[in-house]
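Engineer: Quick one: this structure, given as structure tokens, is what I'll be asking you about.
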Amino acid sequence: MKVIAFYLPQFHQIKENDKWWGDGFTEWTNVKKAKSLFEKHNQPRIPINKNYYNLLDIKTQEWQSHLMKQYNIYGLCYYHYWFNGKKLLEKPLENLIKNKHIDTKFCMSWANEPWTRSWDGKNKDILISQEYGNKKEWKKHFDYLLQFFLDDRYIKIDNKPIFVIYRTNNIPNCEKMITYWKKLAKENGLKGLYLVETLNSFQNKPCINSSEAVIEFEPMYTLKYDMPIIKQAKRLYNKKTNSLDKFEYEVVYNRILNRKTKYLGKEKFSGAFVDWDNTPRKGNKGTVCLGANPDTFEKNMDRLMNKCKQERNDRFIFINAWNEWAEGTYLEPDSKYEYGYLEVIKKLNQKYL
């Protein structure tokens, strides 16, 4: 039962973001300008020692690797952005595999969505579209992924690299593409590919036969599909009126813990989340979690890990997230709770491993 944390690589400047959002834009841009919108609203979030790091600085990845080891985080799941051959935010992971002395285990999640101006309410304004092509394009993509799959630090099951796809339901001929990728993996010395589908606010069930497992991506999966009807109605009303949407930490975790869903015999990797507050991106149109702190996180992670051990013996729990600062869900130390969330993971690992 190893803990893997989702990892956002948007903490460095790229020319595309400069064009779309303004010169010098990184994830820190929204984090720094966040404001408190109600009494005791925990904004802005400030990293410990005001460490607004740059992910292109190798010392940052060394520091993160040190934290992971110190607090028993097994690995990171890097978001991967690929638009039919066009790469975005690829440098941090490329730099990682060039530096073999950084002992960070990792896997990848293909965040296969078009990028839009959703942060400023212009959802239909597409910045870069998502196209998938056919066999020629699939091979080009696989050939790029292979350098990561073959790295000794890449997380594998039975010599099959774990590869997560955010929205399999978005990909035409997804079954054929994955079957082809598995064939290519075997031709390159691997035993195949361990394909994992993400269940989130866009899909609530696996879409392809050739996937091995699913992840319940939290809190989005529960908020969309598994909340009491009265709370769902309130959330829908808030969205229609552009009012700030709030939900209780304990309510969502209770739904996660009471869920008994099975997915056609596929392996299930449980999802967890640290907190949630995307008002740095969306302001009054955002969603805020109430009641999250290291104590409530410990209580609910303890319950989740105990359930996984007693009922399913999960291999992995995927936490949202290592560093989603603009969505308010991060394990990294901040100025308010310092290393509190990381201490929880360390304590519970000692209890259950």
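Labels for the structure tokens follow display order: chains A, B, ..., residues from 1 in each chain, ligands from 1.
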Just the residues within 10 Å of stretch 18-20 of chain A, please, counting only C-alpha atoms, with nothing from its chain fewer than 4 positions along; format it as a list in words.
Structural biologist: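 These residues fall inside the cut-off: Gln13, Ile14, Gly24, Phe25, Thr26, Thr116, Arg117 and Leu127 of chain A.
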Engineer: Write the residues of the selection above to a file with N, CA and C atoms, as a short mmCIF file (atom, residue, chain, number, x, y, z; two decimals), in the first residue's frame.
Structural biologist:
```cif
data_model
loop_
_atom_site.label_atom_id
_atom_site.label_comp_id
_atom_site.auth_asym_id
_atom_site.auth_seq_id
_atom_site.Cartn_x
_atom_site.Cartn_y
_atom_site.Cartn_z
N GLN A 13 8.55 28.76 -16.36
CA GLN A 13 8.06 29.58 -17.46
C GLN A 13 8.19 28.84 -18.80
N ILE A 14 7.15 28.93 -19.64
CA ILE A 14 7.23 28.44 -21.02
C ILE A 14 6.65 29.52 -21.94
N GLY A 24 6.09 35.68 -18.04
CA GLY A 24 6.56 35.20 -16.74
C GLY A 24 5.58 34.33 -15.99
N PHE A 25 4.46 33.95 -16.63
CA PHE A 25 3.45 33.16 -15.94
C PHE A 25 3.99 31.79 -15.53
N THR A 26 3.71 31.42 -14.28
CA THR A 26 3.86 30.04 -13.80
C THR A 26 2.68 29.78 -12.87
N THR A 116 -8.02 25.34 -22.44
CA THR A 116 -8.92 26.45 -22.74
C THR A 116 -8.68 27.57 -21.74
N ARG A 117 -9.39 28.68 -21.95
CA ARG A 117 -9.27 29.80 -21.02
C ARG A 117 -10.30 29.67 -19.88
N LEU A 127 -7.04 27.13 -26.38
CA LEU A 127 -5.65 27.56 -26.52
C LEU A 127 -4.85 26.56 -27.35
#
```
Engineer: Using only C-alpha atoms, determine which residues lie at most 9 Å from stretch 338-352 of chain A, disregarding the query and same-chain residues fewer than 4 positions distant; provide the list as a PDB file with all heavy atoms, in the first residue's frame.
Structural biologist:
```pdb
ATOM      1  N   MET A   1       0.852  -1.184   0.000  1.00  0.00           N
ATOM      2  CA  MET A   1       0.000   0.000   0.000  1.00  0.00           C
ATOM      3  C   MET A   1       0.892   1.240   0.000  1.00  0.00           C
ATOM      4  O   MET A   1       1.146   1.847   1.031  1.00  0.00           O
ATOM      5  CB  MET A   1      -0.929   0.007   1.198  1.00  0.00           C
ATOM      6  CG  MET A   1      -2.010   1.045   1.128  1.00  0.00           C
ATOM      7  SD  MET A   1      -3.336   0.690   2.284  1.00  0.00           S
ATOM      8  CE  MET A   1      -2.444   0.391   3.800  1.00  0.00           C
ATOM      9  N   LYS A   2       1.413   1.577  -1.158  1.00  0.00           N
ATOM     10  CA  LYS A   2       2.364   2.671  -1.296  1.00  0.00           C
ATOM     11  C   LYS A   2       1.630   3.945  -1.718  1.00  0.00           C
ATOM     12  O   LYS A   2       0.669   3.895  -2.487  1.00  0.00           O
ATOM     13  CB  LYS A   2       3.446   2.310  -2.308  1.00  0.00           C
ATOM     14  CG  LYS A   2       4.245   1.067  -1.926  1.00  0.00           C
ATOM     15  CD  LYS A   2       5.235   0.707  -3.017  1.00  0.00           C
ATOM     16  CE  LYS A   2       6.130  -0.461  -2.605  1.00  0.00           C
ATOM     17  NZ  LYS A   2       5.364  -1.722  -2.490  1.00  0.00           N
ATOM     18  N   VAL A   3       2.127   5.086  -1.242  1.00  0.00           N
ATOM     19  CA  VAL A   3       1.509   6.372  -1.544  1.00  0.00           C
ATOM     20  C   VAL A   3       2.206   7.018  -2.741  1.00  0.00           C
ATOM     21  O   VAL A   3       3.425   7.223  -2.731  1.00  0.00           O
ATOM     22  CB  VAL A   3       1.579   7.310  -0.320  1.00  0.00           C
ATOM     23  CG1 VAL A   3       1.138   8.724  -0.699  1.00  0.00           C
ATOM     24  CG2 VAL A   3       0.720   6.765   0.809  1.00  0.00           C
ATOM     25  N   PRO A  47       4.101  29.079   0.424  1.00  0.00           N
ATOM     26  CA  PRO A  47       5.021  27.975   0.707  1.00  0.00           C
ATOM     27  C   PRO A  47       5.968  28.329   1.850  1.00  0.00           C
ATOM     28  O   PRO A  47       6.282  29.502   2.076  1.00  0.00           O
ATOM     29  CB  PRO A  47       5.773  27.783  -0.622  1.00  0.00           C
ATOM     30  CG  PRO A  47       5.615  29.072  -1.346  1.00  0.00           C
ATOM     31  CD  PRO A  47       4.305  29.651  -0.916  1.00  0.00           C
ATOM     32  N   ILE A  48       6.403  27.313   2.567  1.00  0.00           N
ATOM     33  CA  ILE A  48       7.287  27.537   3.695  1.00  0.00           C
ATOM     34  C   ILE A  48       8.538  28.280   3.236  1.00  0.00           C
ATOM     35  O   ILE A  48       9.083  28.010   2.149  1.00  0.00           O
ATOM     36  CB  ILE A  48       7.635  26.196   4.384  1.00  0.00           C
ATOM     37  CG1 ILE A  48       8.206  26.433   5.769  1.00  0.00           C
ATOM     38  CG2 ILE A  48       8.583  25.351   3.527  1.00  0.00           C
ATOM     39  CD1 ILE A  48       8.277  25.192   6.636  1.00  0.00           C
ATOM     40  N   LEU A  67      12.502  15.286   0.522  1.00  0.00           N
ATOM     41  CA  LEU A  67      11.258  15.280   1.294  1.00  0.00           C
ATOM     42  C   LEU A  67      10.523  13.956   1.142  1.00  0.00           C
ATOM     43  O   LEU A  67       9.994  13.405   2.116  1.00  0.00           O
ATOM     44  CB  LEU A  67      10.348  16.422   0.841  1.00  0.00           C
ATOM     45  CG  LEU A  67      10.647  17.834   1.321  1.00  0.00           C
ATOM     46  CD1 LEU A  67       9.591  18.791   0.798  1.00  0.00           C
ATOM     47  CD2 LEU A  67      10.707  17.909   2.842  1.00  0.00           C
ATOM     48  N   MET A  68      10.450  13.455  -0.086  1.00  0.00           N
ATOM     49  CA  MET A  68       9.755  12.198  -0.330  1.00  0.00           C
ATOM     50  C   MET A  68      10.358  11.068   0.493  1.00  0.00           C
ATOM     51  O   MET A  68       9.635  10.265   1.097  1.00  0.00           O
ATOM     52  CB  MET A  68       9.814  11.850  -1.811  1.00  0.00           C
ATOM     53  CG  MET A  68       8.960  12.737  -2.694  1.00  0.00           C
ATOM     54  SD  MET A  68       9.266  12.372  -4.426  1.00  0.00           S
ATOM     55  CE  MET A  68       8.810  10.637  -4.506  1.00  0.00           C
ATOM     56  N   GLN A  70      12.239  11.358   3.226  1.00  0.00           N
ATOM     57  CA  GLN A  70      12.123  11.635   4.657  1.00  0.00           C
ATOM     58  C   GLN A  70      10.733  11.297   5.189  1.00  0.00           C
ATOM     59  O   GLN A  70      10.591  10.830   6.324  1.00  0.00           O
ATOM     60  CB  GLN A  70      12.453  13.106   4.915  1.00  0.00           C
ATOM     61  CG  GLN A  70      12.472  13.494   6.378  1.00  0.00           C
ATOM     62  CD  GLN A  70      12.869  14.944   6.580  1.00  0.00           C
ATOM     63  OE1 GLN A  70      13.204  15.660   5.638  1.00  0.00           O
ATOM     64  NE2 GLN A  70      12.848  15.394   7.829  1.00  0.00           N
ATOM     65  N   TYR A  71       9.702  11.512   4.340  1.00  0.00           N
ATOM     66  CA  TYR A  71       8.321  11.348   4.805  1.00  0.00           C
ATOM     67  C   TYR A  71       7.588  10.177   4.143  1.00  0.00           C
ATOM     68  O   TYR A  71       6.372  10.083   4.196  1.00  0.00           O
ATOM     69  CB  TYR A  71       7.552  12.654   4.599  1.00  0.00           C
ATOM     70  CG  TYR A  71       8.063  13.760   5.496  1.00  0.00           C
ATOM     71  CD1 TYR A  71       8.942  14.720   5.015  1.00  0.00           C
ATOM     72  CD2 TYR A  71       7.698  13.809   6.838  1.00  0.00           C
ATOM     73  CE1 TYR A  71       9.441  15.727   5.843  1.00  0.00           C
ATOM     74  CE2 TYR A  71       8.180  14.803   7.671  1.00  0.00           C
ATOM     75  CZ  TYR A  71       9.050  15.760   7.167  1.00  0.00           C
ATOM     76  OH  TYR A  71       9.540  16.744   8.003  1.00  0.00           O
ATOM     77  N   ASN A  72       8.344   9.274   3.527  1.00  0.00           N
ATOM     78  CA  ASN A  72       7.800   8.005   3.033  1.00  0.00           C
ATOM     79  C   ASN A  72       6.751   8.160   1.930  1.00  0.00           C
ATOM     80  O   ASN A  72       5.744   7.443   1.905  1.00  0.00           O
ATOM     81  CB  ASN A  72       7.222   7.181   4.178  1.00  0.00           C
ATOM     82  CG  ASN A  72       8.245   6.834   5.238  1.00  0.00           C
ATOM     83  OD1 ASN A  72       8.091   7.190   6.402  1.00  0.00           O
ATOM     84  ND2 ASN A  72       9.299   6.155   4.855  1.00  0.00           N
ATOM     85  N   ILE A  73       6.980   9.098   1.020  1.00  0.00           N
ATOM     86  CA  ILE A  73       6.176   9.162  -0.203  1.00  0.00           C
ATOM     87  C   ILE A  73       6.843   8.242  -1.211  1.00  0.00           C
ATOM     88  O   ILE A  73       8.001   8.451  -1.578  1.00  0.00           O
ATOM     89  CB  ILE A  73       6.107  10.595  -0.759  1.00  0.00           C
ATOM     90  CG1 ILE A  73       5.622  11.577   0.313  1.00  0.00           C
ATOM     91  CG2 ILE A  73       5.219  10.635  -1.993  1.00  0.00           C
ATOM     92  CD1 ILE A  73       4.223  11.333   0.797  1.00  0.00           C
ATOM     93  N   VAL A 274      -5.731  15.983  -0.224  1.00  0.00           N
ATOM     94  CA  VAL A 274      -5.248  16.704   0.945  1.00  0.00           C
ATOM     95  C   VAL A 274      -6.256  17.776   1.355  1.00  0.00           C
ATOM     96  O   VAL A 274      -6.656  17.883   2.511  1.00  0.00           O
ATOM     97  CB  VAL A 274      -3.877  17.354   0.648  1.00  0.00           C
ATOM     98  CG1 VAL A 274      -3.373  18.112   1.875  1.00  0.00           C
ATOM     99  CG2 VAL A 274      -2.864  16.303   0.221  1.00  0.00           C
ATOM    100  N   ASN A 293      -7.393  20.019   7.462  1.00  0.00           N
ATOM    101  CA  ASN A 293      -6.181  20.369   8.196  1.00  0.00           C
ATOM    102  C   ASN A 293      -5.437  19.060   8.456  1.00  0.00           C
ATOM    103  O   ASN A 293      -5.975  17.969   8.195  1.00  0.00           O
ATOM    104  CB  ASN A 293      -6.513  21.123   9.493  1.00  0.00           C
ATOM    105  CG  ASN A 293      -7.437  20.340  10.407  1.00  0.00           C
ATOM    106  OD1 ASN A 293      -7.107  19.226  10.821  1.00  0.00           O
ATOM    107  ND2 ASN A 293      -8.613  20.908  10.710  1.00  0.00           N
ATOM    108  N   PRO A 294      -4.222  19.097   8.945  1.00  0.00           N
ATOM    109  CA  PRO A 294      -3.491  17.839   9.149  1.00  0.00           C
ATOM    110  C   PRO A 294      -4.200  16.843  10.070  1.00  0.00           C
ATOM    111  O   PRO A 294      -4.096  15.626   9.856  1.00  0.00           O
ATOM    112  CB  PRO A 294      -2.164  18.316   9.754  1.00  0.00           C
ATOM    113  CG  PRO A 294      -1.964  19.667   9.152  1.00  0.00           C
ATOM    114  CD  PRO A 294      -3.334  20.270   9.102  1.00  0.00           C
ATOM    115  N   ASP A 295      -4.951  17.330  11.054  1.00  0.00           N
ATOM    116  CA  ASP A 295      -5.645  16.413  11.960  1.00  0.00           C
ATOM    117  C   ASP A 295      -6.774  15.662  11.250  1.00  0.00           C
ATOM    118  O   ASP A 295      -6.913  14.435  11.397  1.00  0.00           O
ATOM    119  CB  ASP A 295      -6.210  17.176  13.162  1.00  0.00           C
ATOM    120  CG  ASP A 295      -5.124  17.669  14.095  1.00  0.00           C
ATOM    121  OD1 ASP A 295      -4.033  17.077  14.099  1.00  0.00           O
ATOM    122  OD2 ASP A 295      -5.365  18.658  14.815  1.00  0.00           O
ATOM    123  N   PHE A 297      -7.031  15.276   8.042  1.00  0.00           N
ATOM    124  CA  PHE A 297      -6.373  14.470   7.011  1.00  0.00           C
ATOM    125  C   PHE A 297      -5.885  13.154   7.614  1.00  0.00           C
ATOM    126  O   PHE A 297      -6.094  12.073   7.038  1.00  0.00           O
ATOM    127  CB  PHE A 297      -5.209  15.258   6.411  1.00  0.00           C
ATOM    128  CG  PHE A 297      -4.433  14.524   5.352  1.00  0.00           C
ATOM    129  CD1 PHE A 297      -5.028  14.128   4.165  1.00  0.00           C
ATOM    130  CD2 PHE A 297      -3.087  14.238   5.542  1.00  0.00           C
ATOM    131  CE1 PHE A 297      -4.303  13.452   3.179  1.00  0.00           C
ATOM    132  CE2 PHE A 297      -2.354  13.573   4.566  1.00  0.00           C
ATOM    133  CZ  PHE A 297      -2.966  13.181   3.390  1.00  0.00           C
ATOM    134  N   GLU A 298      -5.262  13.222   8.783  1.00  0.00           N
ATOM    135  CA  GLU A 298      -4.773  12.004   9.435  1.00  0.00           C
ATOM    136  C   GLU A 298      -5.923  11.062   9.768  1.00  0.00           C
ATOM    137  O   GLU A 298      -5.846   9.845   9.514  1.00  0.00           O
ATOM    138  CB  GLU A 298      -4.004  12.351  10.707  1.00  0.00           C
ATOM    139  CG  GLU A 298      -3.508  11.119  11.435  1.00  0.00           C
ATOM    140  CD  GLU A 298      -2.704  11.436  12.682  1.00  0.00           C
ATOM    141  OE1 GLU A 298      -2.379  12.621  12.908  1.00  0.00           O
ATOM    142  OE2 GLU A 298      -2.393  10.480  13.434  1.00  0.00           O
ATOM    143  N   MET A 301      -7.243   9.604   6.338  1.00  0.00           N
ATOM    144  CA  MET A 301      -6.272   8.737   5.686  1.00  0.00           C
ATOM    145  C   MET A 301      -6.080   7.456   6.479  1.00  0.00           C
ATOM    146  O   MET A 301      -5.893   6.377   5.900  1.00  0.00           O
ATOM    147  CB  MET A 301      -4.939   9.468   5.524  1.00  0.00           C
ATOM    148  CG  MET A 301      -4.883  10.420   4.340  1.00  0.00           C
ATOM    149  SD  MET A 301      -5.100   9.578   2.742  1.00  0.00           S
ATOM    150  CE  MET A 301      -3.630   8.574   2.681  1.00  0.00           C
ATOM    151  N   ASP A 302      -6.130   7.558   7.788  1.00  0.00           N
ATOM    152  CA  ASP A 302      -6.037   6.362   8.635  1.00  0.00           C
ATOM    153  C   ASP A 302      -7.200   5.418   8.322  1.00  0.00           C
ATOM    154  O   ASP A 302      -7.019   4.200   8.154  1.00  0.00           O
ATOM    155  CB  ASP A 302      -6.069   6.797  10.100  1.00  0.00           C
ATOM    156  CG  ASP A 302      -5.715   5.655  11.057  1.00  0.00           C
ATOM    157  OD1 ASP A 302      -5.488   4.527  10.591  1.00  0.00           O
ATOM    158  OD2 ASP A 302      -5.676   5.900  12.268  1.00  0.00           O
ATOM    159  N   MET A 305      -6.654   3.935   4.717  1.00  0.00           N
ATOM    160  CA  MET A 305      -5.588   2.934   4.641  1.00  0.00           C
ATOM    161  C   MET A 305      -5.995   1.651   5.364  1.00  0.00           C
ATOM    162  O   MET A 305      -5.671   0.552   4.915  1.00  0.00           O
ATOM    163  CB  MET A 305      -4.294   3.510   5.216  1.00  0.00           C
ATOM    164  CG  MET A 305      -3.726   4.649   4.379  1.00  0.00           C
ATOM    165  SD  MET A 305      -2.225   5.399   5.056  1.00  0.00           S
ATOM    166  CE  MET A 305      -0.984   4.278   4.423  1.00  0.00           C
ATOM    167  N   ASN A 306      -6.722   1.792   6.456  1.00  0.00           N
ATOM    168  CA  ASN A 306      -7.208   0.609   7.158  1.00  0.00           C
ATOM    169  C   ASN A 306      -8.206  -0.166   6.306  1.00  0.00           C
ATOM    170  O   ASN A 306      -8.155  -1.404   6.232  1.00  0.00           O
ATOM    171  CB  ASN A 306      -7.858   1.020   8.480  1.00  0.00           C
ATOM    172  CG  ASN A 306      -8.315  -0.179   9.280  1.00  0.00           C
ATOM    173  OD1 ASN A 306      -7.516  -1.015   9.693  1.00  0.00           O
ATOM    174  ND2 ASN A 306      -9.615  -0.275   9.501  1.00  0.00           N
ATOM    175  N   LYS A 309      -6.347  -1.990   3.564  1.00  0.00           N
ATOM    176  CA  LYS A 309      -5.628  -3.151   4.086  1.00  0.00           C
ATOM    177  C   LYS A 309      -6.575  -4.298   4.419  1.00  0.00           C
ATOM    178  O   LYS A 309      -6.305  -5.462   4.109  1.00  0.00           O
ATOM    179  CB  LYS A 309      -4.833  -2.752   5.328  1.00  0.00           C
ATOM    180  CG  LYS A 309      -3.997  -3.890   5.907  1.00  0.00           C
ATOM    181  CD  LYS A 309      -3.139  -3.399   7.058  1.00  0.00           C
ATOM    182  CE  LYS A 309      -2.271  -4.543   7.592  1.00  0.00           C
ATOM    183  NZ  LYS A 309      -1.406  -4.094   8.702  1.00  0.00           N
ATOM    184  N   TYR A 330      -2.045  20.082  -1.616  1.00  0.00           N
ATOM    185  CA  TYR A 330      -0.606  19.838  -1.748  1.00  0.00           C
ATOM    186  C   TYR A 330      -0.059  19.284  -0.439  1.00  0.00           C
ATOM    187  O   TYR A 330      -0.499  19.633   0.655  1.00  0.00           O
ATOM    188  CB  TYR A 330       0.126  21.138  -2.112  1.00  0.00           C
ATOM    189  CG  TYR A 330      -0.229  22.308  -1.219  1.00  0.00           C
ATOM    190  CD1 TYR A 330       0.438  22.520  -0.013  1.00  0.00           C
ATOM    191  CD2 TYR A 330      -1.260  23.183  -1.549  1.00  0.00           C
ATOM    192  CE1 TYR A 330       0.101  23.564   0.824  1.00  0.00           C
ATOM    193  CE2 TYR A 330      -1.608  24.238  -0.719  1.00  0.00           C
ATOM    194  CZ  TYR A 330      -0.924  24.420   0.470  1.00  0.00           C
ATOM    195  OH  TYR A 330      -1.275  25.456   1.317  1.00  0.00           O
ATOM    196  N   LEU A 331       0.913  18.379  -0.593  1.00  0.00           N
ATOM    197  CA  LEU A 331       1.626  17.827   0.555  1.00  0.00           C
ATOM    198  C   LEU A 331       2.830  18.675   0.927  1.00  0.00           C
ATOM    199  O   LEU A 331       3.300  18.624   2.069  1.00  0.00           O
ATOM    200  CB  LEU A 331       2.088  16.399   0.251  1.00  0.00           C
ATOM    201  CG  LEU A 331       1.002  15.327   0.187  1.00  0.00           C
ATOM    202  CD1 LEU A 331       1.564  14.036  -0.411  1.00  0.00           C
ATOM    203  CD2 LEU A 331       0.409  15.049   1.561  1.00  0.00           C
ATOM    204  N   GLU A 332       3.334  19.427  -0.006  1.00  0.00           N
ATOM    205  CA  GLU A 332       4.513  20.255   0.251  1.00  0.00           C
ATOM    206  C   GLU A 332       4.262  21.198   1.435  1.00  0.00           C
ATOM    207  O   GLU A 332       3.128  21.636   1.660  1.00  0.00           O
ATOM    208  CB  GLU A 332       4.883  21.059  -0.992  1.00  0.00           C
ATOM    209  CG  GLU A 332       5.510  20.219  -2.080  1.00  0.00           C
ATOM    210  CD  GLU A 332       5.970  21.032  -3.273  1.00  0.00           C
ATOM    211  OE1 GLU A 332       5.354  22.075  -3.570  1.00  0.00           O
ATOM    212  OE2 GLU A 332       6.952  20.618  -3.914  1.00  0.00           O
ATOM    213  N   PRO A 333       5.313  21.523   2.182  1.00  0.00           N
ATOM    214  CA  PRO A 333       5.140  22.361   3.374  1.00  0.00           C
ATOM    215  C   PRO A 333       4.760  23.803   3.041  1.00  0.00           C
ATOM    216  O   PRO A 333       5.276  24.384   2.094  1.00  0.00           O
ATOM    217  CB  PRO A 333       6.515  22.297   4.047  1.00  0.00           C
ATOM    218  CG  PRO A 333       7.472  21.962   2.955  1.00  0.00           C
ATOM    219  CD  PRO A 333       6.711  21.075   2.008  1.00  0.00           C
ATOM    220  N   ASP A 334       3.843  24.355   3.831  1.00  0.00           N
ATOM    221  CA  ASP A 334       3.471  25.759   3.669  1.00  0.00           C
ATOM    222  C   ASP A 334       3.685  26.510   4.977  1.00  0.00           C
ATOM    223  O   ASP A 334       4.115  25.937   5.985  1.00  0.00           O
ATOM    224  CB  ASP A 334       2.038  25.901   3.149  1.00  0.00           C
ATOM    225  CG  ASP A 334       0.981  25.478   4.163  1.00  0.00           C
ATOM    226  OD1 ASP A 334       1.320  25.197   5.330  1.00  0.00           O
ATOM    227  OD2 ASP A 334      -0.207  25.425   3.789  1.00  0.00           O
TER     228      ASP A 334
END
```
Engineer: Under the rule that only C-alpha atoms are counted, which of A:Ile155, A:Cys289, A:Ile256, A:Ala111 is the nearest residue to A:Asp226?
Structural biologist: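 Nearest to A:Asp226: A:Ile256.
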Engineer: Using only C-alpha atoms, which of the listed residues (A:Pro206, A:Gly271, A:Pro219, A:Gly192) sits closest to A:Asp158?
Structural biologist: A:Gly192
Engineer: Determine, for each residue of stretch 33-87 of chain A having at least one atom at most 12 Å from an atom of stretch 161-185 of chain A, the closest pair of atoms and their separation in Å to one decimal, counting only C-alpha atoms; order by chain and ascending number, as a tab-separated table.
Structural biologist:
```
residue	atom	partner	partner_atom	distance
A:Gly75	CA	A:Ile162	CA	11.8
A:Leu76	CA	A:Ile162	CA	11.7
A:Cys77	CA	A:Val164	CA	8.6
A:Tyr78	CA	A:Val164	CA	9.7
A:Tyr79	CA	A:Val164	CA	9.2
A:His80	CA	A:Ile165	CA	9.4
A:Tyr81	CA	A:Tyr166	CA	10.8
A:Trp82	CA	A:Ile165	CA	11.5
A:Asn84	CA	A:Ile171	CA	11.8
```
Engineer: Write to file, as a tab-separated table (two decimals), in the first residue's frame, the residues of the selection just made, with N, CA and C atoms.
Structural biologist:
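This is the output file out09.tsv:
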```tsv
chain	number	residue	atom	x	y	z
A	75	GLY	N	6.26	7.59	-4.50
A	75	GLY	CA	6.56	8.09	-5.84
A	75	GLY	C	5.66	9.24	-6.24
A	76	LEU	N	5.96	9.81	-7.40
A	76	LEU	CA	5.19	10.90	-7.97
A	76	LEU	C	4.59	10.47	-9.30
A	77	CYS	N	3.39	10.94	-9.57
A	77	CYS	CA	2.75	10.70	-10.86
A	77	CYS	C	2.72	12.03	-11.61
A	78	TYR	N	3.65	12.19	-12.53
A	78	TYR	CA	3.81	13.43	-13.28
A	78	TYR	C	2.70	13.58	-14.32
A	79	TYR	N	2.08	14.74	-14.37
A	79	TYR	CA	1.17	15.03	-15.47
A	79	TYR	C	1.97	15.22	-16.75
A	80	HIS	N	1.49	14.58	-17.79
A	80	HIS	CA	2.16	14.56	-19.09
A	80	HIS	C	1.24	15.24	-20.11
A	81	TYR	N	1.77	16.22	-20.82
A	81	TYR	CA	0.96	17.00	-21.76
A	81	TYR	C	1.49	16.79	-23.18
A	82	TRP	N	0.68	16.12	-23.98
A	82	TRP	CA	1.07	15.74	-25.34
A	82	TRP	C	-0.11	16.03	-26.26
A	84	ASN	N	-0.68	15.57	-29.90
A	84	ASN	CA	-0.36	15.03	-31.23
A	84	ASN	C	1.05	15.44	-31.67
```
Engineer: Neighbouring residues of A:Leu199 were defined as those with any atom within 7 Å, considering only C-alpha atoms; residues of the same chain fewer than 5 positions away were excluded. Please report them as a PyMOL selection string.
Structural biologist: chain A and resi 204-205+214-217+221
Engineer: Next, dump the selected residues to file, keeping only N, CA, C and O atoms, as a PDB file, in the first residue's frame.
Structural biologist:
```pdb
ATOM      1  N   ASN A 204     -17.250   8.062 -15.048  1.00  0.00           N
ATOM      2  CA  ASN A 204     -17.414   7.354 -13.767  1.00  0.00           C
ATOM      3  C   ASN A 204     -17.260   5.846 -13.894  1.00  0.00           C
ATOM      4  O   ASN A 204     -17.567   5.114 -12.953  1.00  0.00           O
ATOM      5  N   LYS A 205     -16.784   5.384 -15.041  1.00  0.00           N
ATOM      6  CA  LYS A 205     -16.548   3.954 -15.207  1.00  0.00           C
ATOM      7  C   LYS A 205     -15.468   3.757 -16.267  1.00  0.00           C
ATOM      8  O   LYS A 205     -15.242   4.634 -17.112  1.00  0.00           O
ATOM      9  N   VAL A 214      -8.140   1.131 -12.350  1.00  0.00           N
ATOM     10  CA  VAL A 214      -8.749   2.462 -12.329  1.00  0.00           C
ATOM     11  C   VAL A 214      -8.272   3.203 -11.087  1.00  0.00           C
ATOM     12  O   VAL A 214      -7.891   2.589 -10.083  1.00  0.00           O
ATOM     13  N   ILE A 215      -8.296   4.531 -11.163  1.00  0.00           N
ATOM     14  CA  ILE A 215      -8.061   5.405 -10.010  1.00  0.00           C
ATOM     15  C   ILE A 215      -9.294   6.266  -9.831  1.00  0.00           C
ATOM     16  O   ILE A 215      -9.775   6.874 -10.789  1.00  0.00           O
ATOM     17  N   GLU A 216      -9.798   6.322  -8.621  1.00  0.00           N
ATOM     18  CA  GLU A 216     -10.861   7.270  -8.298  1.00  0.00           C
ATOM     19  C   GLU A 216     -10.189   8.590  -7.917  1.00  0.00           C
ATOM     20  O   GLU A 216      -9.600   8.713  -6.844  1.00  0.00           O
ATOM     21  N   PHE A 217     -10.249   9.553  -8.827  1.00  0.00           N
ATOM     22  CA  PHE A 217      -9.545  10.815  -8.659  1.00  0.00           C
ATOM     23  C   PHE A 217     -10.371  11.739  -7.769  1.00  0.00           C
ATOM     24  O   PHE A 217     -11.459  12.171  -8.141  1.00  0.00           O
ATOM     25  N   TYR A 221     -14.225  12.950  -8.321  1.00  0.00           N
ATOM     26  CA  TYR A 221     -15.099  11.809  -8.592  1.00  0.00           C
ATOM     27  C   TYR A 221     -16.288  11.801  -7.638  1.00  0.00           C
ATOM     28  O   TYR A 221     -17.448  11.656  -8.044  1.00  0.00           O
TER      29      TYR A 221
END
```
Engineer: Point out the residue among A:Lys336, A:Lys231, A:Lys299, A:Lys282 with the least atom-to-atom distance to A:Lys33, counting only C-alpha atoms.
Structural biologist: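 Ranking A:Lys336, A:Lys231, A:Lys299, A:Lys282 by distance to A:Lys33, first place goes to A:Lys282.
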Engineer: Let's see if you can do this: from backbone DSSP, list all alpha helix (DSSP H) residues in stretch 50-185 of chain A, as an NGL selection string.
Structural biologist: :A and (58-70 or 91-98 or 135-149 or 174-185)
Engineer: A:Phe83: which residues within 9 Å, counting only C-alpha atoms, same-chain residues fewer than 2 positions away excluded, as a VMD selection string?
Structural biologist: chain A and resid 81 85 to 88 112 to 114 128 to 132
Engineer: So which residues touch A:Phe273 within 6 Å, counting only C-alpha atoms, skipping near sequence neighbours fewer than 3 positions away, as a short mmCIF file (atom, residue, chain, number, x, y, z; two decimals) with N, CA and C atoms, in the first residue's frame?
Structural biologist:
```cif
data_model
loop_
_atom_site.label_atom_id
_atom_site.label_comp_id
_atom_site.auth_asym_id
_atom_site.auth_seq_id
_atom_site.Cartn_x
_atom_site.Cartn_y
_atom_site.Cartn_z
N GLU A 218 -9.83 12.02 -6.59
CA GLU A 218 -10.59 12.76 -5.57
C GLU A 218 -10.07 14.19 -5.37
N ILE A 319 -2.69 10.15 -4.19
CA ILE A 319 -3.12 11.36 -3.49
C ILE A 319 -3.09 12.56 -4.41
N ASN A 320 -4.13 13.33 -4.37
CA ASN A 320 -4.21 14.61 -5.05
C ASN A 320 -3.92 15.70 -4.00
#
```
